[in-house]
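Enquirer: So here's start12.txt (compact mmCIF, C-alpha atoms).
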```txt
# COMPACT_ATOMS: atom_id res chain seq x y z
CA MET R 1408 -2.83 7.57 -19.12
CA PHE R 1409 -4.16 5.98 -15.97
CA PHE R 1410 -0.72 5.39 -14.55
CA ASN R 1411 0.17 9.03 -14.96
CA SER R 1412 -2.78 10.21 -12.93
CA LEU R 1413 -2.02 7.55 -10.34
CA LEU R 1414 1.52 8.82 -10.10
CA THR R 1415 0.48 12.43 -9.74
CA ASN R 1416 -2.10 11.51 -7.12
CA PHE R 1417 0.38 9.52 -5.09
CA ALA R 1418 3.40 11.61 -5.83
CA ALA R 1419 4.44 11.16 -2.23
CA LEU R 1420 5.18 7.54 -3.02
CA GLU R 1421 7.89 8.38 -5.53
CA VAL R 1422 7.40 5.27 -7.63
CA GLY R 1423 10.18 4.63 -10.11
CA GLN R 1424 12.46 7.37 -8.82
CA HIS R 1425 16.08 6.48 -8.31
CA LEU R 1426 19.13 7.94 -6.66
CA TYR R 1427 21.60 7.85 -9.54
CA TRP R 1428 25.29 7.42 -9.01
CA GLN R 1429 27.54 8.15 -11.95
CA ILE R 1430 30.68 6.03 -12.16
CA GLY R 1431 32.64 6.80 -15.33
CA ASN R 1432 29.92 6.67 -17.94
CA ILE R 1433 27.74 4.08 -16.23
CA ARG R 1434 24.86 4.94 -13.99
CA ILE R 1435 23.64 2.82 -11.12
CA HIS R 1436 20.80 2.96 -8.62
CA GLY R 1437 22.51 4.18 -5.48
CA GLN R 1438 19.61 3.53 -3.11
CA VAL R 1439 19.67 -0.19 -3.95
CA PHE R 1440 23.33 -0.47 -3.07
CA LEU R 1441 23.00 1.66 0.04
CA THR R 1442 20.26 -0.49 1.53
CA SER R 1443 21.88 -3.73 0.42
CA TRP R 1444 25.21 -2.73 2.03
CA ILE R 1445 23.50 -1.79 5.29
CA LEU R 1446 21.47 -5.01 5.36
CA LEU R 1447 24.29 -7.30 4.25
CA GLY R 1448 26.61 -5.58 6.71
CA ALA R 1449 24.11 -6.33 9.48
CA LEU R 1450 23.81 -9.92 8.26
CA LEU R 1451 27.58 -10.40 8.19
CA VAL R 1452 27.96 -8.88 11.66
CA PHE R 1453 25.22 -11.16 12.95
CA ILE R 1454 26.87 -14.21 11.39
CA SER R 1455 30.35 -13.22 12.60
CA LEU R 1456 29.02 -12.84 16.15
CA GLY R 1457 27.25 -16.21 15.96
CA THR R 1458 30.24 -18.10 14.57
CA LYS R 1459 32.91 -16.43 16.69
CA LYS R 1460 33.04 -19.09 19.35
CA MET R 1461 31.75 -22.33 17.91
CA GLU R 1462 31.18 -25.03 20.48
CA ASN R 1463 30.02 -28.58 20.39
CA ASP R 1464 27.19 -27.65 22.74
CA PRO R 1465 25.66 -24.72 20.85
CA LYS R 1466 24.60 -21.68 22.82
CA GLY R 1467 22.65 -18.57 21.91
CA LEU R 1468 23.26 -17.27 18.40
CA GLN R 1469 25.07 -20.41 17.37
CA ASN R 1470 21.83 -22.31 17.90
CA LEU R 1471 19.98 -19.98 15.57
CA LEU R 1472 22.71 -20.17 12.93
CA GLU R 1473 22.80 -23.94 13.13
CA PHE R 1474 19.04 -24.05 12.75
CA LEU R 1475 19.36 -21.80 9.70
CA TRP R 1476 22.15 -23.96 8.28
CA ASP R 1477 20.12 -27.10 8.82
CA TYR R 1478 17.08 -25.50 7.19
CA ILE R 1479 19.10 -24.50 4.13
CA ARG R 1480 20.74 -27.92 3.95
CA ASP R 1481 17.35 -29.64 4.03
CA LEU R 1482 16.09 -27.31 1.31
CA ALA R 1483 19.13 -27.92 -0.90
CA ARG R 1484 19.18 -31.66 -0.22
CA THR R 1485 15.51 -32.27 -0.99
CA GLN R 1486 15.60 -30.23 -4.20
CA ILE R 1487 19.08 -30.97 -5.58
CA GLY R 1488 19.61 -34.50 -4.32
CA GLU R 1489 22.11 -36.24 -2.12
CA LYS R 1490 24.91 -36.31 -4.68
CA VAL R 1491 25.74 -32.69 -5.44
CA TYR R 1492 23.77 -30.63 -2.94
CA ARG R 1493 26.97 -29.85 -1.02
CA ASP R 1494 28.41 -27.89 -3.95
CA TRP R 1495 25.31 -25.75 -4.29
CA MET R 1496 24.30 -25.28 -0.69
CA PRO R 1497 26.28 -22.03 -0.21
CA PHE R 1498 24.72 -20.53 -3.34
CA ILE R 1499 21.17 -21.55 -2.42
CA GLY R 1500 21.74 -20.38 1.14
CA THR R 1501 23.11 -17.06 -0.02
CA LEU R 1502 20.12 -16.53 -2.30
CA PHE R 1503 17.77 -17.34 0.57
CA LEU R 1504 19.57 -15.12 3.05
CA PHE R 1505 20.01 -12.26 0.61
CA VAL R 1506 16.37 -12.25 -0.48
CA PHE R 1507 15.10 -12.79 3.06
CA VAL R 1508 17.27 -10.09 4.60
CA SER R 1509 16.46 -7.69 1.77
CA ASN R 1510 12.71 -8.32 2.00
CA TRP R 1511 12.47 -8.12 5.77
CA GLY R 1512 14.95 -5.29 6.02
CA GLY R 1513 12.94 -3.36 3.46
CA ALA R 1514 9.72 -4.00 5.35
CA LEU R 1515 10.90 -3.61 8.95
CA ILE R 1516 13.29 -0.67 8.88
CA PRO R 1517 11.63 2.75 8.56
CA TRP R 1518 13.76 3.81 5.60
CA ARG R 1519 11.45 6.69 4.79
CA LEU R 1520 12.83 8.62 7.74
CA ILE R 1521 16.06 8.98 5.75
CA LYS R 1522 15.56 11.59 3.06
CA LEU R 1523 17.47 11.16 -0.19
CA PRO R 1524 17.89 13.83 -2.88
CA SER R 1525 16.01 11.55 -5.26
CA GLY R 1526 14.20 8.25 -4.84
CA GLU R 1527 13.91 6.53 -1.48
CA LEU R 1528 15.52 3.68 0.38
CA GLY R 1529 13.65 0.40 0.40
CA ALA R 1530 14.02 -3.33 -0.09
CA PRO R 1531 16.82 -3.99 -2.62
CA THR R 1532 14.61 -6.74 -4.02
CA ALA R 1533 11.98 -4.15 -5.01
CA ASP R 1534 14.37 -3.05 -7.77
CA ILE R 1535 14.10 -4.99 -11.01
CA ASN R 1536 17.89 -4.92 -11.49
CA THR R 1537 18.45 -6.89 -8.30
CA THR R 1538 15.87 -9.56 -9.06
CA ILE R 1539 17.04 -9.97 -12.66
CA ALA R 1540 20.62 -10.24 -11.42
CA LEU R 1541 19.58 -12.99 -8.99
CA ALA R 1542 17.50 -14.79 -11.63
CA LEU R 1543 20.32 -14.67 -14.20
CA LEU R 1544 22.72 -16.05 -11.62
CA VAL R 1545 20.30 -18.92 -11.08
CA SER R 1546 20.13 -19.54 -14.85
CA LEU R 1547 23.91 -19.54 -15.14
CA SER R 1548 24.13 -21.83 -12.14
CA TYR R 1549 21.82 -24.48 -13.46
CA PHE R 1550 23.51 -24.48 -16.85
CA TYR R 1551 26.87 -24.75 -15.14
CA ALA R 1552 25.59 -27.46 -12.79
CA GLY R 1553 24.16 -29.48 -15.67
CA LEU R 1554 27.21 -29.12 -17.93
CA SER R 1555 29.77 -29.76 -15.21
CA ASN R 1556 27.94 -32.82 -13.92
CA LYS R 1557 26.86 -34.45 -17.15
CA GLY R 1558 28.91 -32.76 -19.87
CA TRP R 1559 27.15 -32.60 -23.23
CA ARG R 1560 24.70 -35.20 -22.06
CA TYR R 1561 23.06 -32.31 -20.24
CA PHE R 1562 21.28 -31.48 -23.49
CA GLU R 1563 19.54 -34.84 -23.44
CA TYR R 1564 17.31 -33.13 -20.91
CA TYR R 1565 15.87 -31.02 -23.74
CA VAL R 1566 14.60 -34.04 -25.61
CA HIS R 1567 14.02 -36.12 -22.59
CA PRO R 1568 10.74 -37.95 -22.83
CA THR R 1569 10.33 -37.10 -26.54
CA PRO R 1570 11.96 -34.61 -28.95
CA ILE R 1571 8.55 -32.88 -29.10
CA MET R 1572 9.53 -31.27 -25.79
CA LEU R 1573 12.48 -29.44 -27.35
CA PRO R 1574 10.77 -26.08 -28.07
CA PHE R 1575 9.09 -26.06 -24.67
CA LYS R 1576 12.31 -26.86 -22.87
CA ILE R 1577 14.09 -24.07 -24.75
CA LEU R 1578 11.25 -21.71 -23.91
CA GLU R 1579 11.60 -22.73 -20.28
CA ASP R 1580 15.17 -21.43 -20.19
CA PHE R 1581 13.72 -17.99 -20.87
CA THR R 1582 10.62 -18.23 -18.70
CA LYS R 1583 12.54 -19.47 -15.68
CA PRO R 1584 14.60 -16.30 -15.08
CA LEU R 1585 11.69 -14.16 -16.21
CA SER R 1586 9.26 -15.67 -13.72
CA LEU R 1587 11.86 -15.79 -10.94
CA SER R 1588 12.76 -12.13 -11.28
CA PHE R 1589 9.27 -10.78 -11.85
CA ARG R 1590 7.67 -12.84 -9.08
CA LEU R 1591 10.08 -11.49 -6.50
CA PHE R 1592 10.11 -7.96 -7.86
CA GLY R 1593 6.33 -7.82 -8.19
CA ASN R 1594 5.59 -9.19 -4.75
CA ILE R 1595 8.00 -6.95 -2.89
CA LEU R 1596 7.19 -3.83 -4.87
CA ALA R 1597 3.46 -4.48 -4.54
CA ASP R 1598 3.85 -4.93 -0.80
CA GLU R 1599 5.76 -1.66 -0.51
CA LEU R 1600 3.22 0.12 -2.67
CA VAL R 1601 0.21 -1.22 -0.76
CA VAL R 1602 1.73 -0.26 2.56
CA GLY R 1603 2.77 3.12 1.12
CA VAL R 1604 -0.69 3.84 -0.27
CA LEU R 1605 -2.41 2.74 2.95
CA VAL R 1606 -0.07 4.82 5.08
CA PHE R 1607 -0.74 7.73 2.77
CA LEU R 1608 -4.53 7.31 2.97
CA VAL R 1609 -5.07 6.02 6.53
CA PRO R 1610 -1.94 6.60 8.54
CA LEU R 1611 -3.23 4.84 11.68
CA ILE R 1612 -3.73 1.13 12.52
CA LEU R 1613 -5.09 0.04 9.13
CA PRO R 1614 -1.65 -0.50 7.52
CA ILE R 1615 -0.51 -2.76 10.37
CA PRO R 1616 -2.26 -6.01 9.27
CA VAL R 1617 -1.09 -5.33 5.72
CA MET R 1618 2.44 -4.88 7.06
CA PHE R 1619 2.21 -8.27 8.78
CA LEU R 1620 0.92 -9.79 5.57
CA GLY R 1621 3.89 -8.14 3.86
CA LEU R 1622 6.31 -9.76 6.29
CA PHE R 1623 4.67 -13.09 5.62
CA THR R 1624 4.83 -12.78 1.84
CA SER R 1625 8.41 -11.50 2.12
CA ALA R 1626 9.50 -14.62 3.97
CA ILE R 1627 7.54 -16.84 1.59
CA GLN R 1628 9.11 -15.14 -1.44
CA ALA R 1629 12.59 -15.77 -0.07
CA LEU R 1630 11.72 -19.43 0.45
CA ILE R 1631 10.13 -19.70 -3.01
CA PHE R 1632 13.13 -18.10 -4.70
CA ALA R 1633 15.64 -20.37 -2.97
CA THR R 1634 13.50 -23.48 -3.47
CA LEU R 1635 12.97 -22.80 -7.17
CA ALA R 1636 16.66 -22.07 -7.70
CA ALA R 1637 17.53 -25.35 -5.99
CA TYR R 1638 14.84 -27.15 -7.99
CA TYR R 1639 16.20 -25.86 -11.30
CA ILE R 1640 19.73 -26.93 -10.36
CA GLY R 1641 18.40 -30.30 -9.21
CA GLU R 1642 16.54 -30.70 -12.50
CA ALA R 1643 19.74 -29.95 -14.42
CA VAL R 1644 21.88 -32.48 -12.55
CA GLU R 1645 19.23 -35.20 -12.37
CA GLU R 1646 20.12 -38.40 -14.22
CA HIS R 1647 17.50 -39.65 -16.66
CA HIS R 1648 17.25 -43.35 -17.23
CA MET C 208 21.87 0.38 -21.22
CA LEU C 209 18.37 -0.87 -21.63
CA ALA C 210 15.89 1.58 -20.27
CA PHE C 211 12.15 1.28 -20.38
CA ASN C 212 10.27 4.44 -19.66
CA PHE C 213 7.39 3.77 -17.39
CA PHE C 214 5.05 6.07 -15.57
CA GLY C 215 6.00 8.83 -17.94
CA ALA C 216 9.29 9.49 -16.22
CA THR C 217 11.97 10.82 -18.55
CA GLU C 218 14.62 9.04 -16.58
CA GLY C 219 14.27 6.06 -14.29
CA GLY C 220 10.97 4.29 -13.83
CA LEU C 221 10.23 0.91 -12.39
CA PHE C 222 11.85 -1.01 -15.22
CA ASP C 223 15.00 1.04 -15.50
CA ILE C 224 17.61 -1.60 -16.15
CA ASN C 225 21.19 -0.36 -16.02
CA ALA C 226 24.61 -1.21 -14.62
CA THR C 227 23.00 -1.90 -11.24
CA LEU C 228 22.20 -5.37 -12.60
CA PRO C 229 25.73 -6.71 -13.28
CA LEU C 230 27.14 -4.96 -10.22
CA MET C 231 24.45 -6.51 -8.05
CA ALA C 232 25.19 -9.91 -9.60
CA ILE C 233 28.88 -9.48 -8.76
CA GLN C 234 27.94 -8.41 -5.26
CA VAL C 235 25.79 -11.54 -4.78
CA VAL C 236 28.56 -13.79 -6.08
CA ALA C 237 31.02 -12.12 -3.71
CA LEU C 238 28.49 -12.55 -0.91
CA THR C 239 28.26 -16.25 -1.76
CA TYR C 240 32.01 -16.66 -1.25
CA ILE C 241 32.00 -14.55 1.92
CA LEU C 242 29.07 -16.44 3.42
CA ASN C 243 30.64 -19.74 2.41
CA SER C 244 33.78 -19.02 4.38
CA LEU C 245 32.07 -17.19 7.24
CA PHE C 246 28.91 -19.22 7.67
CA PHE C 247 28.38 -22.37 5.64
CA LYS C 248 31.81 -23.95 6.13
CA PRO C 249 32.32 -23.33 9.86
CA VAL C 250 28.74 -24.08 10.87
CA GLY C 251 28.71 -27.10 8.56
CA ASN C 252 31.92 -28.39 10.11
CA VAL C 253 30.54 -28.08 13.62
CA VAL C 254 27.15 -29.59 12.79
CA GLU C 255 28.60 -32.45 10.76
CA LYS C 256 31.23 -33.16 13.39
CA ARG C 257 28.48 -33.40 15.97
CA GLU C 258 26.33 -35.56 13.70
CA LYS C 259 29.29 -37.87 13.15
CA PHE C 260 29.96 -37.95 16.88
CA VAL C 261 26.34 -38.83 17.62
CA SER C 262 26.09 -41.47 14.90
CA ASN C 263 29.44 -42.98 15.97
CA ASN C 264 28.19 -43.16 19.52
CA ILE C 265 24.97 -44.79 18.37
CA ILE C 266 26.92 -47.35 16.33
CA GLU C 267 29.23 -47.99 19.27
CA ALA C 268 26.29 -48.40 21.63
CA LYS C 269 24.64 -50.78 19.17
CA ASN C 270 27.86 -52.81 18.92
CA LYS C 271 28.09 -52.95 22.68
CA LEU C 272 24.49 -53.95 22.95
CA SER C 273 24.93 -56.77 20.45
CA GLU C 274 28.06 -57.85 22.33
CA VAL C 275 26.13 -57.86 25.56
CA LYS C 276 23.39 -59.88 23.93
CA LYS C 277 25.97 -62.35 22.62
CA LEU C 278 27.54 -62.65 26.04
CA GLU C 279 24.14 -63.08 27.59
CA ALA C 280 23.28 -65.85 25.15
CA ASP C 281 26.67 -67.41 25.82
CA LEU C 282 26.10 -67.33 29.55
CA LEU C 283 22.62 -68.70 29.14
CA SER C 284 23.89 -71.62 27.08
CA GLN C 285 26.64 -72.20 29.64
CA LEU C 286 24.07 -72.12 32.38
CA GLN C 287 21.91 -74.53 30.43
CA SER C 288 24.76 -76.99 29.88
CA ALA C 289 25.78 -76.69 33.55
CA ARG C 290 22.23 -77.43 34.53
CA THR C 291 21.98 -80.51 32.33
CA GLU C 292 25.41 -81.62 33.59
CA ALA C 293 24.26 -81.21 37.18
CA GLN C 294 21.10 -83.13 36.40
CA ARG C 295 23.15 -85.87 34.81
CA ILE C 296 25.45 -86.06 37.85
CA VAL C 297 22.52 -86.08 40.22
CA SER C 298 20.75 -88.85 38.36
CA GLU C 299 24.00 -90.78 38.10
CA ALA C 300 24.54 -90.44 41.81
CA GLU C 301 20.98 -91.46 42.40
CA ASP C 302 21.45 -94.56 40.24
CA GLU C 303 24.69 -95.30 42.02
CA SER C 304 23.20 -94.98 45.46
CA ASP C 305 20.21 -97.00 44.35
CA LYS C 306 22.54 -99.73 43.14
CA LEU C 307 24.55 -99.62 46.33
CA TYR C 308 21.41 -99.72 48.36
CA LYS C 309 20.14 -102.67 46.43
CA GLU C 310 23.47 -104.46 46.77
CA ALA C 311 23.63 -103.75 50.46
CA LEU C 312 20.06 -104.90 50.84
CA GLU C 313 20.75 -108.10 49.00
CA LEU C 314 23.88 -108.71 50.99
CA ALA C 315 22.05 -108.09 54.22
CA ASN C 316 19.19 -110.30 53.12
CA ASN C 317 21.60 -113.08 52.20
CA GLU C 318 23.42 -112.72 55.44
CA ALA C 319 20.23 -112.73 57.39
CA ASN C 320 19.01 -115.77 55.47
CA ALA C 321 22.29 -117.52 56.05
CA SER C 322 22.32 -116.81 59.76
CA LYS C 323 18.68 -117.81 59.95
CA GLU C 324 19.46 -121.04 58.19
CA LYS C 325 22.41 -121.61 60.46
CA ALA C 326 20.30 -120.93 63.50
CA ARG C 327 17.63 -123.27 62.22
CA LEU C 328 20.15 -125.98 61.58
CA GLU C 329 21.60 -125.47 65.03
CA ILE C 330 18.21 -125.54 66.59
CA GLU C 331 17.42 -128.68 64.64
CA SER C 332 20.62 -130.34 65.65
CA GLN C 333 20.16 -129.31 69.23
CA THR C 334 16.59 -130.49 69.12
CA SER C 335 17.63 -133.86 67.73
CA ALA C 336 20.44 -134.06 70.26
CA ALA C 337 18.08 -133.20 73.04
CA ARG C 338 15.62 -135.72 71.71
CA ASP C 339 18.31 -138.37 71.50
CA GLN C 340 19.36 -137.59 75.04
CA LEU C 341 15.79 -137.64 76.18
CA SER C 342 15.09 -140.96 74.51
CA LYS C 343 18.33 -142.32 75.98
CA GLN C 344 17.30 -141.12 79.42
CA ALA C 345 13.89 -142.60 78.87
CA ASP C 346 15.55 -145.88 77.89
CA ASP C 347 17.75 -145.70 80.97
CA LEU C 348 14.83 -144.88 83.15
CA SER C 349 12.72 -147.65 81.70
CA GLU C 350 15.59 -150.06 82.14
CA LEU C 351 15.90 -148.86 85.71
CA ILE C 352 12.23 -149.36 86.33
CA VAL C 353 12.31 -152.72 84.70
CA ASN C 354 15.32 -153.75 86.77
CA ARG C 355 13.74 -152.59 90.02
CA LEU C 356 10.52 -154.34 89.23
CA ILE C 357 12.39 -157.46 88.40
CA LEU C 358 14.47 -157.25 91.54
CA GLU C 359 11.50 -156.71 93.84
CA LYS C 360 9.89 -159.78 92.55
```
Starting from the coordinates I provided, produce the structure as structure tokens.

Expert:
Amino acid sequence: MFFNSLLTNFAALEVGQHLYWQIGNIRIHGQVFLTSWILLGALLVFISLGTKKMENDPKGLQNLLEFLWDYIRDLARTQIGEKVYRDWMPFIGTLFLFVFVSNWGGALIPWRLIKLPSGELGAPTADINTTIALALLVSLSYFYAGLSNKGWRYFEYYVHPTPIMLPFKILEDFTKPLSLSFRLFGNILADELVVGVLVFLVPLILPIPVMFLGLFTSAIQALIFATLAAYYIGEAVEEHH
Amino acid sequence: MLAFNFFGATEGGLFDINATLPLMAIQVVALTYILNSLFFKPVGNVVEKREKFVSNNIIEAKNKLSEVKKLEADLLSQLQSARTEAQRIVSEAEDESDKLYKEALELANNEANASKEKARLEIESQTSAARDQLSKQADDLSELIVNRLILEK
């Protein structure tokens, strides 16, 4: 199999290896949680520092946090709509921050310097479990948003212009989380792999532009994920006339 | 747990889906609540308070501006009415003085005419008196001449 030879050739990359933690009789990917705790800890420290002394004339970190808040509000408001965007702004913002911090943290911090018994540290979003978890949360959210805002009338959405749309709309409920999770997972993993392969082949200079490209796609993926999540919620709460 | 074997690995692989998934979902939900209380609420409060402050100030300034405009219009109309009033008073006074002038002129004319007439009458009477006296003196003189001539004869 082609993949097998690829794996043996680039064994240094350790693709698909995990650091397993056994809790009771369940097994989890330890490296994902390790990196996510470090990154989220850094994010929370950053936010705590910025919101410690809130003033009416913002200074320093508060400026940055207010810019971020405003950015997330605009994103949520344009996609979800004026009426309910307030309820969903924390969720959309958390998705954006989590994906962004995970992507950039995975790309910027030289995790490979830390040796693990198995697997390696990297972006938490390069693990399919994380992206599926996020995508399923988005699915649950838009169902909840639709049902809590419109009750059973939410299902009118499935037959909205004509009942012919019904099978496609049902199919969409499956393709939405699938595309959300695989887009993020694929992009981040591919970026890590490309950088890994280039570093392995040409350790000097050449990987740097690809790393910058990786930072760019990482930021874009975070924006895409948050925007799509907000769009799906907005679609669910939208009133048809 | 679902586990796809990829890349020939007996355990793990890229698509190894296990309890990481629900635990990560719980972690993200918890993060949502933490970020909501640490970040979204406090920053939102500050930003929205400021936005309210700014928009209130703008509304207040607009109200003040409209008030100023109203006052300005009021003053302008007052000024206008004062101006027309002043014009009216001036023209009234002008008419009045004109009338007075005309009256005074007429009075003076009448007076002058009257005194002229009086003077003329006086002159006339004096003239006739003088003429009478003159003719009387002439009569006397002629009588005197006649008498002397008669007496000499």

Enquirer: List the spatial neighbours of region 1510-1521 of chain R as a list in words - criterion: any atom at most 9 Å away, only C-alpha atoms, same-chain residues fewer than 4 positions off excluded.

Expert: Thr1442, Leu1446, Phe1505, Val1506, Glu1527, Leu1528, Gly1529, Ala1530, Pro1531, Thr1532, Ala1533, Ile1595, Asp1598, Glu1599, Met1618, Gly1621, Leu1622, Ser1625, Ala1626, Gln1628 and Ala1629 of chain R

Enquirer: What lies within 8 Å of Ser1546 (chain R) using all atoms listed in the file, ignoring chain neighbours under 3 positions off, as a ChimeraX atom specification?

Expert: /R:1542-1543,1549-1550,1580,1583-1584

Enquirer: Interatomic distance between CA of Glu258 (chain C) and CA of Ile1487 (chain R)?

Expert: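 It comes out at 21.1 Å.
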
Enquirer: In Å, how far is it from CA of Phe1592 (chain R) to CA of Ile1631 (chain R)?

Expert: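 CA of Phe1592 (chain R) sits 12.7 Å away from CA of Ile1631 (chain R).
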
Enquirer: When you get a sec, could you note down which chain R residues fall within 8 Å of chain C, using only C-alpha atoms, as a PyMOL selection string?

Expert: chain R and resi 1410-1411+1414+1422-1425+1433-1436+1440+1451+1454-1455+1458+1461-1463+1472-1473+1476+1497-1498+1501-1502+1505+1534-1537+1539-1541+1544

Enquirer: Restricting the output to C-alpha atoms, write the selected residues as a short mmCIF file (atom, residue, chain, number, x, y, z; two decimals), keeping the file's coordinate frame.

Expert:
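Output (out.cif):
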```cif
data_model
loop_
_atom_site.label_atom_id
_atom_site.label_comp_id
_atom_site.auth_asym_id
_atom_site.auth_seq_id
_atom_site.Cartn_x
_atom_site.Cartn_y
_atom_site.Cartn_z
CA PHE R 1410 -0.72 5.39 -14.55
CA ASN R 1411 0.17 9.03 -14.96
CA LEU R 1414 1.52 8.82 -10.10
CA VAL R 1422 7.40 5.27 -7.63
CA GLY R 1423 10.18 4.63 -10.11
CA GLN R 1424 12.46 7.37 -8.82
CA HIS R 1425 16.08 6.48 -8.31
CA ILE R 1433 27.74 4.08 -16.23
CA ARG R 1434 24.86 4.94 -13.99
CA ILE R 1435 23.64 2.82 -11.12
CA HIS R 1436 20.80 2.96 -8.62
CA PHE R 1440 23.33 -0.47 -3.07
CA LEU R 1451 27.58 -10.40 8.19
CA ILE R 1454 26.87 -14.21 11.39
CA SER R 1455 30.35 -13.22 12.60
CA THR R 1458 30.24 -18.10 14.57
CA MET R 1461 31.75 -22.33 17.91
CA GLU R 1462 31.18 -25.03 20.48
CA ASN R 1463 30.02 -28.58 20.39
CA LEU R 1472 22.71 -20.17 12.93
CA GLU R 1473 22.80 -23.94 13.13
CA TRP R 1476 22.15 -23.96 8.28
CA PRO R 1497 26.28 -22.03 -0.21
CA PHE R 1498 24.72 -20.53 -3.34
CA THR R 1501 23.11 -17.06 -0.02
CA LEU R 1502 20.12 -16.53 -2.30
CA PHE R 1505 20.01 -12.26 0.61
CA ASP R 1534 14.37 -3.05 -7.77
CA ILE R 1535 14.10 -4.99 -11.01
CA ASN R 1536 17.89 -4.92 -11.49
CA THR R 1537 18.45 -6.89 -8.30
CA ILE R 1539 17.04 -9.97 -12.66
CA ALA R 1540 20.62 -10.24 -11.42
CA LEU R 1541 19.58 -12.99 -8.99
CA LEU R 1544 22.72 -16.05 -11.62
#
```

Enquirer: What does the distance between CA of Ala1637 (chain R) and CA of Asn1556 (chain R) come to in Å, to one decimal place?

Expert: 15.1 Å

Enquirer: Smallest atom-to-atom distance to Phe1632 (chain R): which of R:Ile1499, R:Leu1554, R:Leu1611, R:Leu1600, using all atoms listed in the file?

Expert: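 Going through R:Ile1499, R:Leu1554, R:Leu1611, R:Leu1600 one by one, the smallest distance to Phe1632 (chain R) is for R:Ile1499.
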
Enquirer: May I have the centre and edge lengths, in Å to one decimal, of an axis-aligned box around the listed atoms of region 239-256 of chain C with 3 Å added to every side, as JSON?

Expert:
```
{"center_x": 30.5, "center_y": -23.9, "center_z": 5.9, "size_x": 12.6, "size_y": 24.6, "size_z": 21.4}
```

Enquirer: Restricting the calculation to only C-alpha atoms, which member of R:Leu1547, R:Phe1453, R:Pro1524, R:Gly1500 is positioned closest to Ile1640 (chain R)?

Expert: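 For Ile1640 (chain R), the nearest of the given residues is R:Leu1547.
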
Enquirer: Some atoms are missing, so please complete region 1490-1502 of chain R with N, CA and C atoms and return it as a PDB file, keeping the file's coordinate frame.

Expert:
```pdb
ATOM      1  N   LYS R1490      23.581 -36.213  -4.077  1.00  0.00           N
ATOM      2  CA  LYS R1490      24.910 -36.310  -4.680  1.00  0.00           C
ATOM      3  C   LYS R1490      25.659 -34.986  -4.747  1.00  0.00           C
ATOM      4  N   VAL R1491      24.993 -33.948  -5.200  1.00  0.00           N
ATOM      5  CA  VAL R1491      25.740 -32.690  -5.440  1.00  0.00           C
ATOM      6  C   VAL R1491      25.247 -31.529  -4.597  1.00  0.00           C
ATOM      7  N   TYR R1492      24.341 -31.783  -3.647  1.00  0.00           N
ATOM      8  CA  TYR R1492      23.770 -30.630  -2.940  1.00  0.00           C
ATOM      9  C   TYR R1492      24.827 -29.846  -2.178  1.00  0.00           C
ATOM     10  N   ARG R1493      25.913 -30.522  -1.770  1.00  0.00           N
ATOM     11  CA  ARG R1493      26.970 -29.850  -1.020  1.00  0.00           C
ATOM     12  C   ARG R1493      27.589 -28.696  -1.811  1.00  0.00           C
ATOM     13  N   ASP R1494      27.779 -28.926  -3.133  1.00  0.00           N
ATOM     14  CA  ASP R1494      28.410 -27.890  -3.950  1.00  0.00           C
ATOM     15  C   ASP R1494      27.524 -26.649  -4.047  1.00  0.00           C
ATOM     16  N   TRP R1495      26.212 -26.868  -4.004  1.00  0.00           N
ATOM     17  CA  TRP R1495      25.310 -25.750  -4.290  1.00  0.00           C
ATOM     18  C   TRP R1495      24.688 -25.149  -3.059  1.00  0.00           C
ATOM     19  N   MET R1496      24.919 -25.780  -1.915  1.00  0.00           N
ATOM     20  CA  MET R1496      24.300 -25.280  -0.690  1.00  0.00           C
ATOM     21  C   MET R1496      24.678 -23.834  -0.372  1.00  0.00           C
ATOM     22  N   PRO R1497      25.960 -23.435  -0.498  1.00  0.00           N
ATOM     23  CA  PRO R1497      26.280 -22.030  -0.210  1.00  0.00           C
ATOM     24  C   PRO R1497      25.532 -21.058  -1.133  1.00  0.00           C
ATOM     25  N   PHE R1498      25.401 -21.422  -2.395  1.00  0.00           N
ATOM     26  CA  PHE R1498      24.720 -20.530  -3.340  1.00  0.00           C
ATOM     27  C   PHE R1498      23.237 -20.409  -2.995  1.00  0.00           C
ATOM     28  N   ILE R1499      22.593 -21.566  -2.784  1.00  0.00           N
ATOM     29  CA  ILE R1499      21.170 -21.550  -2.420  1.00  0.00           C
ATOM     30  C   ILE R1499      20.966 -20.788  -1.116  1.00  0.00           C
ATOM     31  N   GLY R1500      21.849 -21.054  -0.148  1.00  0.00           N
ATOM     32  CA  GLY R1500      21.740 -20.380   1.140  1.00  0.00           C
ATOM     33  C   GLY R1500      21.938 -18.887   1.010  1.00  0.00           C
ATOM     34  N   THR R1501      22.884 -18.489   0.174  1.00  0.00           N
ATOM     35  CA  THR R1501      23.110 -17.060  -0.020  1.00  0.00           C
ATOM     36  C   THR R1501      21.898 -16.402  -0.668  1.00  0.00           C
ATOM     37  N   LEU R1502      21.327 -17.081  -1.665  1.00  0.00           N
ATOM     38  CA  LEU R1502      20.120 -16.530  -2.300  1.00  0.00           C
ATOM     39  C   LEU R1502      19.026 -16.349  -1.250  1.00  0.00           C
TER      40      LEU R1502
END
```
